[in-house]
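**Student:** Below is one structure. I have some questions about it.
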Amino acid sequence: MNIFKRVSLLEKIIAVKHLSLMIRAGLTLSVGFKILEQQASGYFKEVIQAILVRMQEGQTLAESLAKFPRVFPPIFFNLIKVGEKSGTLEKTLSYLSEYLEKTMVLRRKIRGAMLYPVFILVIAIGVGLSVALFVLPKLTQVFSSLDIKLPVATRILLFLAGFSESYGLWMVFSILILIGALVWLSQQKFAKPYFHRLALRLPLMGRISRDHNLAIFTRTLGILLKSGLPIKESLEITSESTDNFVYGEYVKSLIGQVEQGKTLSSGLQNQFLFPGIAVQIIEIGEKTGSLEESLLYLTQFYEEEVSYASENLSNVLEPMLLVVIGVVVAFVALAIITPIYQITAGMNI
């Protein structure tokens with residue numbers, strides 16, 4: 001089933017770049033797609049073959065792409081539609097290629113920034129579960145046989161050891177099921193508003209999420225306007241291109257205001273989603289007739305903000321994680337060493 005088939009962003013970038021180059025060299029679309037078909041593999045090859053068949057039947061490239069909404073999002077269809085109508089398809093494909101490349105770079109930076117903290121967290125959880133399942137149960141027998149009053153830390157440790165011995169495997173399964181359920185739930189349409197609002201308000205990650213969505217908003221809207229699309233249609237496509245449901249809904253609300261004759265900047269009154277500096281630059285762009293340039297300038301600004309915040313995320317999280325791990329290690333060490341010290345002191349007496 002096609003639901004399980006995917007075309008990577010990198011495959012689409014390469015295809016768009018090659019197609020733009022071939023059109024610039026004077027090749028027809030049909031010849032260009034035949035060459036792309038030879039280069040592609042897997043499901044993407046099937047998609048290109050189907051597009052080629054439709055174009056040979058007389059459909060435009062935009063109409064052919066619209067048959068595969070899971071592979072080609074709305075920005076593909078609309079940009080190429082404008083390019084075909086205006087005779088600037090090569091330039092439009094160049095815009096699209098730039099858009100996809102920037103999107104891929106931004107995603108990689110965010111994923112790269114999250115890799116180190118997630119790796120440390122997984123290792124810490126793994127070590128903790130191993131200690132709870134295999135080390136603490138053995139300590140229970142040792143400390144339980146001691147004829148001394150155990151300190152509070154040791155008694156807490158013994159309780160955790162007994163709990164781990166009785167319910168350890170259930171605890172592991174429960175954690176895995178909970179993580180799986182949260183991942184599944186976050187992908188459901190009815191739950192997305194709650195998860196996406198939470199993502200915008202999380203410490204550290206909230207700012208990265210806002211800047212990331214601002215970069216998507218300004219880049220998508222700027223490229224669509226630059227390609228010649230009216231602002232109403234551009235806002236509709238932009239609302240579907242944002243990664244965050246909250247931003248998507250807010251952009252949709254701007255469409256009605258623009259239809260009533262209001263400016264775009266006058267509708268961006270949510271300071272949490274759209275900071276004052278962004279609104280002011282957009283307002284200047286509207287007054288000077290250079291809105292698309294202002295939007296693309298903001299794109300560069302917010303991409304740099306995401307890049308900077310992503311690079312520094314590890315530096316911020318690393319000491320926090322080390323403190324948490326240090327506190328846990330200190331607690332375990334104290335719980336184990338204190339009763340041993342009490343026994344040693346009693347023997348000396």
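Naming scheme: A, B, ... for chains in displayed order of the structure tokens; residues 1 onward per chain; ligands 1 onward as shown.
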Could you give me, as a Markdown table, every region 189-287 of chain A residue with an atom at most 12 Å from region 112-123 of chain A, plus its closest atom pair and distance in Å to one decimal, counting only C-alpha atoms, rows ordered by chain then number?

**Tutor:**
| residue | atom | partner | partner_atom | distance |
| --- | --- | --- | --- | --- |
| A:Leu204 | CA | A:Met114 | CA | 11.4 |
| A:Met205 | CA | A:Met114 | CA | 9.6 |
| A:Ile208 | CA | A:Ala113 | CA | 10.5 |

**Student:** Would you mind exporting all heavy atoms of the selected residues as a PDB file, in the first residue's frame?

**Tutor:**
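Result file again.pdb:
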ATOM      1  N   LEU A 204      13.425  25.909  26.590  1.00  0.00           N
ATOM      2  CA  LEU A 204      14.504  25.701  25.620  1.00  0.00           C
ATOM      3  C   LEU A 204      13.966  25.351  24.236  1.00  0.00           C
ATOM      4  O   LEU A 204      14.189  26.056  23.258  1.00  0.00           O
ATOM      5  CB  LEU A 204      15.469  24.603  26.092  1.00  0.00           C
ATOM      6  CG  LEU A 204      16.182  24.862  27.421  1.00  0.00           C
ATOM      7  CD1 LEU A 204      17.073  23.677  27.780  1.00  0.00           C
ATOM      8  CD2 LEU A 204      17.013  26.128  27.360  1.00  0.00           C
ATOM      9  N   MET A 205      13.236  24.231  24.117  1.00  0.00           N
ATOM     10  CA  MET A 205      12.757  23.773  22.818  1.00  0.00           C
ATOM     11  C   MET A 205      11.638  24.638  22.267  1.00  0.00           C
ATOM     12  O   MET A 205      11.414  24.686  21.060  1.00  0.00           O
ATOM     13  CB  MET A 205      12.269  22.323  22.909  1.00  0.00           C
ATOM     14  CG  MET A 205      13.376  21.301  23.060  1.00  0.00           C
ATOM     15  SD  MET A 205      14.617  21.421  21.750  1.00  0.00           S
ATOM     16  CE  MET A 205      13.615  21.160  20.295  1.00  0.00           C
ATOM     17  N   ILE A 208      13.055  27.330  19.951  1.00  0.00           N
ATOM     18  CA  ILE A 208      13.517  26.729  18.696  1.00  0.00           C
ATOM     19  C   ILE A 208      12.325  26.385  17.816  1.00  0.00           C
ATOM     20  O   ILE A 208      12.349  26.608  16.599  1.00  0.00           O
ATOM     21  CB  ILE A 208      14.364  25.471  18.978  1.00  0.00           C
ATOM     22  CG1 ILE A 208      15.664  25.862  19.690  1.00  0.00           C
ATOM     23  CG2 ILE A 208      14.685  24.733  17.683  1.00  0.00           C
ATOM     24  CD1 ILE A 208      16.550  24.696  20.051  1.00  0.00           C
TER      25      ILE A 208
END

**Student:** Skip region 88-96 of chain A itself and residues of its chain fewer than 5 positions away, then list as a PyMOL selection string all residues within 9 Å of it, counting only C-alpha atoms.

**Tutor:** chain A and resi 13+16-17+19-24+75-76+79-83+101+223-224+226-227

**Student:** Can you list, as a PyMOL selection string, every residue of region 191-234 of chain A that DSSP puts in helix (DSSP H, G or I)?

**Tutor:** chain A and resi 192-201+205-226+231-234

**Student:** So, with only C-alpha atoms as the atoms that count, which of A:Leu10, A:Ile175, A:Ile277, A:Leu157 lies closest to Pro339 (chain A)?

**Tutor:**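 Comparing A:Leu10, A:Ile175, A:Ile277, A:Leu157 against Pro339 (chain A), the winner is A:Leu157.
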
**Student:** Record the distance separating CA of Leu202 (chain A) and CA of Pro275 (chain A), expressed in Å with one decimal.

**Tutor:**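 Taking CA of Leu202 (chain A) as the start and CA of Pro275 (chain A) as the end point, the length is 17.3 Å.
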
**Student:** Determine the nearest neighbour of Val172 (chain A) from the options A:Thr154, A:Gln188, A:Ser130, A:Asn315, counting only C-alpha atoms.

**Tutor:**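 For Val172 (chain A), the nearest of the given residues is A:Ser130.
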